[in-house]
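The next block holds one structure in the form of structure tokens; read it before the comments.
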Amino acid sequence: MRGVPYALAAAALFGASTPLAKLLVGQMPPILLAGLLYLGSGIGLAILWVVRSRLLGRSHEAPLRAADVPWLAGAILSGGVVGPVLLMIGLSLTPGSTSSLLLNMEAVFTAALAWLAFRENYDARIVLGMVVIVLGGVVLSWGGKLELQGWLGPLAIMGACLAWGVDNNLTRKVSGGDPVQIAGLKGGIAGVMSLTIALAIGSRFPGPLTIMQAGAVGFFGYGLSLACFVLSLRHLGTARTGAYFSTAPFIGTVLSVVILKEPVTLPLLAAAVLMGVGVWLHLTERHVHDHTHDEALHTHRHDHDDHHGHEHQTDVGEDATHVHEHRHVAIRHSHPHYPDLHHEHTH
């Protein structure tokens with residue numbers, strides 16, 4: 001269950017950034033704001049990585065390996081470049097109410113790719129939980145009508161959601177690595193790309209104070225949120241992490257009520273019930289059966305448990321969390337589990 005708090009923390013941090021970003025959106029174009037938010041996350045996490053390395057040592061988490069580069073590059077390209085560009089095109093051609101509704105497709109695409117393309121385990125309970133959570137998002141974002149000014153805008157928004165779904169699934173492949181390093185690279189590169197596009201179309205930077213405010217929101221709402229998201233991917237798999245993260249708009253709306261004094265609405269209450277039911281369905285999942293672990297060699301942060309009974313060349317305490325390359329012997333056993341790093345078997 002350790003992945004659940006990470007997923008909900010990621011959703012809370014990202015959801016909290018929405019009302020804060022609303023306070024900044026009138027001071028600069030959206031794509032420039034996106035660039036500053038991403039860059040703030042990248043720079044902030046780079047500083048955090050240096051400070052953490054000095055205090056805890058560089059072996060606190062497994063560094064990225066050469067084999068991780070294609071997966072991470074694909075995630076950055078799809079989620080940090082293709083997704084934002086398609087979103088900007090879609091927002092320019094689609095009314096706001098319709099755009100908000102369509103953005104719920106990210107969770108759908110994330111789960112569909114995880115289940116169908118990457119063969120992640122699912123059952124009727126998990127599918128129902130995902131459907132109910134997404135339905136809560138639809139209720140929350142429903143503007144009362146569906147406006148279309150052509151199909152290009154909605155298709156572009158759905159393309160952005162698909163790109164982020166690809167991003168989430170590719171990031172899952174490197175989730176055994178350092179989450180701060182992964183999130184920092186994604187934020188930094190996406191920030192540079194977005195700022196380049198913004199400046200190319202004539203955007204101008206706001207004042208220094210506004211830039212720092214955007215960077216701070218980006219560090220917490222995008223950087224730390226993404227680091228928590230990566231940790232949840234490591235423990236829960238992509239679809240389940242995506243389901244929990246889909247509660248972010250609800251959290252953002254609740255905070256808008258508190259911070260911006262927006263009214264409590266019937267859709268907000270209905271979304272609370274639906275998302276609560278969906279989260280409960282996921283929290284109470286119990287997936288257990290006989291399964292086989294093939295022999296494997298990899299590196300990630302771990303404790304000594306049923307899956308890590310290996311010996312060490314150096315003295316490591318039995319209860320110490322540590323990082324090194326280790327080999328898993330083939331075993332067959334039965335216990336409750338999620339589709340984490342060690343449970344990617346077929347069913």
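Just so we're on the same page: first chain in the structure tokens is A, next is B, and so on; residues restart at 1 for each chain, and ligands are numbered from 1 in the order they show up.
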(request) Within 10 Å of segment 261-267 of chain A, counting only C-alpha atoms, which residues show up once you throw out same-chain ones fewer than 4 positions away? Write them as an MDAnalysis selection string, please. (result) chainID A and resid 136:143 253:257 271:273
Just the selected residues (N, CA and C atoms), exported as a tab-separated table (two decimals), in the first residue's frame, please.
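Output contents, as saved in out.tsv:
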```tsv
chain	number	residue	atom	x	y	z
A	136	GLY	N	-16.54	11.06	-12.08
A	136	GLY	CA	-16.51	12.19	-11.15
A	136	GLY	C	-15.83	13.40	-11.77
A	137	GLY	N	-14.75	13.16	-12.52
A	137	GLY	CA	-14.08	14.26	-13.21
A	137	GLY	C	-14.96	14.88	-14.27
A	138	VAL	N	-15.73	14.06	-14.98
A	138	VAL	CA	-16.65	14.56	-16.01
A	138	VAL	C	-17.72	15.44	-15.38
A	139	VAL	N	-18.29	14.97	-14.27
A	139	VAL	CA	-19.32	15.75	-13.57
A	139	VAL	C	-18.74	17.09	-13.11
A	140	LEU	N	-17.51	17.05	-12.60
A	140	LEU	CA	-16.88	18.26	-12.08
A	140	LEU	C	-16.59	19.27	-13.19
A	141	SER	N	-16.23	18.77	-14.38
A	141	SER	CA	-15.83	19.67	-15.47
A	141	SER	C	-16.95	19.96	-16.45
A	142	TRP	N	-18.12	19.37	-16.24
A	142	TRP	CA	-19.23	19.56	-17.17
A	142	TRP	C	-19.77	20.98	-17.07
A	143	GLY	N	-19.75	21.69	-18.18
A	143	GLY	CA	-20.21	23.08	-18.20
A	143	GLY	C	-21.67	23.24	-18.55
A	253	THR	N	-10.39	22.03	-7.08
A	253	THR	CA	-11.66	22.74	-6.94
A	253	THR	C	-11.97	23.04	-5.47
A	254	VAL	N	-11.70	22.07	-4.60
A	254	VAL	CA	-11.91	22.29	-3.17
A	254	VAL	C	-11.03	23.43	-2.67
A	255	LEU	N	-9.78	23.45	-3.11
A	255	LEU	CA	-8.89	24.52	-2.70
A	255	LEU	C	-9.31	25.86	-3.29
A	256	SER	N	-9.91	25.84	-4.49
A	256	SER	CA	-10.44	27.08	-5.06
A	256	SER	C	-11.57	27.62	-4.20
A	257	VAL	N	-12.36	26.72	-3.63
A	257	VAL	CA	-13.43	27.14	-2.72
A	257	VAL	C	-12.83	27.82	-1.50
A	271	ALA	N	-19.16	14.98	-7.50
A	271	ALA	CA	-17.82	14.48	-7.81
A	271	ALA	C	-17.15	13.90	-6.58
A	272	ALA	N	-17.40	14.53	-5.42
A	272	ALA	CA	-16.82	14.02	-4.16
A	272	ALA	C	-17.31	12.60	-3.89
A	273	VAL	N	-18.61	12.37	-4.10
A	273	VAL	CA	-19.18	11.04	-3.85
A	273	VAL	C	-18.61	10.03	-4.85
```
(request) For Ala239 of chain A, work out the shell of residues within 10 Å, counting only C-alpha atoms and skipping chain neighbours fewer than 2 positions away, then give it as number ranges by chain. (result) A: 107-115, 120-122, 126-127, 130, 165, 168-169, 233, 236-237, 241-245, 339
Store the residues of this selection in a file with C-alpha atoms, as a compact mmCIF listing (two decimals), in the first residue's frame.
```txt
# COMPACT_ATOMS: atom_id res chain seq x y z
CA ALA A 107 -6.79 8.97 -17.28
CA VAL A 108 -8.68 6.84 -19.81
CA PHE A 109 -5.76 6.71 -22.25
CA THR A 110 -3.27 6.05 -19.44
CA ALA A 111 -5.26 3.05 -18.18
CA ALA A 112 -6.09 1.72 -21.66
CA LEU A 113 -2.43 1.76 -22.71
CA ALA A 114 -1.34 0.18 -19.42
CA TRP A 115 -3.88 -2.63 -19.71
CA GLU A 120 -0.70 -4.52 -16.74
CA ASN A 121 -3.06 -6.57 -14.57
CA TYR A 122 -6.65 -5.41 -14.09
CA ILE A 126 -10.24 -1.84 -10.84
CA VAL A 127 -11.98 -0.98 -14.12
CA MET A 130 -11.38 3.94 -12.76
CA GLY A 165 -0.92 8.64 -21.41
CA ASN A 168 2.90 7.95 -17.97
CA ASN A 169 3.41 4.43 -19.30
CA LEU A 233 4.34 4.11 -10.45
CA LEU A 236 1.30 0.50 -7.93
CA GLY A 237 1.79 0.39 -11.68
CA THR A 241 -1.50 5.49 -10.08
CA GLY A 242 -3.37 7.29 -12.86
CA ALA A 243 -6.69 6.57 -11.17
CA TYR A 244 -5.62 8.09 -7.85
CA PHE A 245 -4.02 11.04 -9.65
CA PRO A 339 1.72 -4.66 -10.57
```
Find the residues of segment 178-269 of chain A that sit at most 10 Å from segment 68-73 of chain A; for each, write down the nearest two atoms and how far apart they are in Å, to one decimal. Count only C-alpha atoms. Sort by chain, then by number going up, and give it as a tab-separated table.
```
residue	atom	partner	partner_atom	distance
A:Ile182	CA	A:Leu72	CA	7.8
A:Leu185	CA	A:Leu72	CA	9.0
A:Lys186	CA	A:Leu72	CA	8.1
```
Print the selection's residues with N, CA and C atoms to a file, as a JSON list (two decimals), in the first residue's frame.
```json
[["chain", "number", "residue", "atom", "x", "y", "z"],
["A", 182, "ILE", "N", 14.54, 11.84, -12.29],
["A", 182, "ILE", "CA", 13.61, 11.66, -13.41],
["A", 182, "ILE", "C", 12.70, 12.88, -13.56],
["A", 185, "LEU", "N", 14.66, 16.07, -14.72],
["A", 185, "LEU", "CA", 14.99, 16.07, -16.15],
["A", 185, "LEU", "C", 13.75, 16.36, -16.98],
["A", 186, "LYS", "N", 12.64, 15.72, -16.64],
["A", 186, "LYS", "CA", 11.41, 15.94, -17.40],
["A", 186, "LYS", "C", 10.96, 17.40, -17.29]]
```
Per-residue nearest contacts of segment 174-221 of chain A to segment 8-13 of chain A (10 Å; only C-alpha atoms) as a tab-separated table:
```
residue	atom	partner	partner_atom	distance
A:Val217	CA	A:Leu13	CA	9.4
A:Gly218	CA	A:Leu13	CA	9.9
A:Phe219	CA	A:Leu13	CA	9.7
A:Phe220	CA	A:Leu13	CA	6.3
A:Gly221	CA	A:Leu13	CA	4.8
```
(request) Taking the chain letters and numbering used in this document, name the residues of segment 133-301 of chain A that DSSP puts in strand (DSSP E), as a list in words. (result)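 Matching residues for strand (DSSP E) in segment 133-301 of chain A are Val288, His289, Asp290, His291, Thr292, His293, Ala296, Leu297, His298, Thr299, His300 and Arg301 of chain A.
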(request) May I have the residues within 12 Å of Gly187 of chain A as a ChimeraX atom specification, using only C-alpha atoms and disregarding those fewer than 4 positions away in the same chain? (result) /A:34-46,72,75-77,79-81,179-183,191-195,215,218-227
(message) Please return, as an MDAnalysis selection string, all residues of segment 93-147 of chain A that DSSP assigns to helix (DSSP H, G or I) on the basis of the backbone.
(response) chainID A and resid 93 96:102 105:117 124:141
(message) Just checking: using only C-alpha atoms, which residue out of A:Ala124, A:Ile201, A:Ile133, A:Val230 ends up closest to Lys173 of chain A?
(response)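 Closest residue, counting only C-alpha atoms: A:Val230.
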(message) Using only C-alpha atoms, can you tell me which of A:Ser78, A:Thr98, A:Ser53, A:Ser232 comes closest to Ala160 of chain A?
(response)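 Between A:Ser78, A:Thr98, A:Ser53, A:Ser232, the residue approaching Ala160 of chain A most closely is A:Ser78.
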(request) Grab the atom CA of Leu260 of chain A to atom CA of Gln213 of chain A distance for me, in Å with one decimal place. (result)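 Atom CA of Gln213 of chain A lies 17.1 Å from atom CA of Leu260 of chain A.
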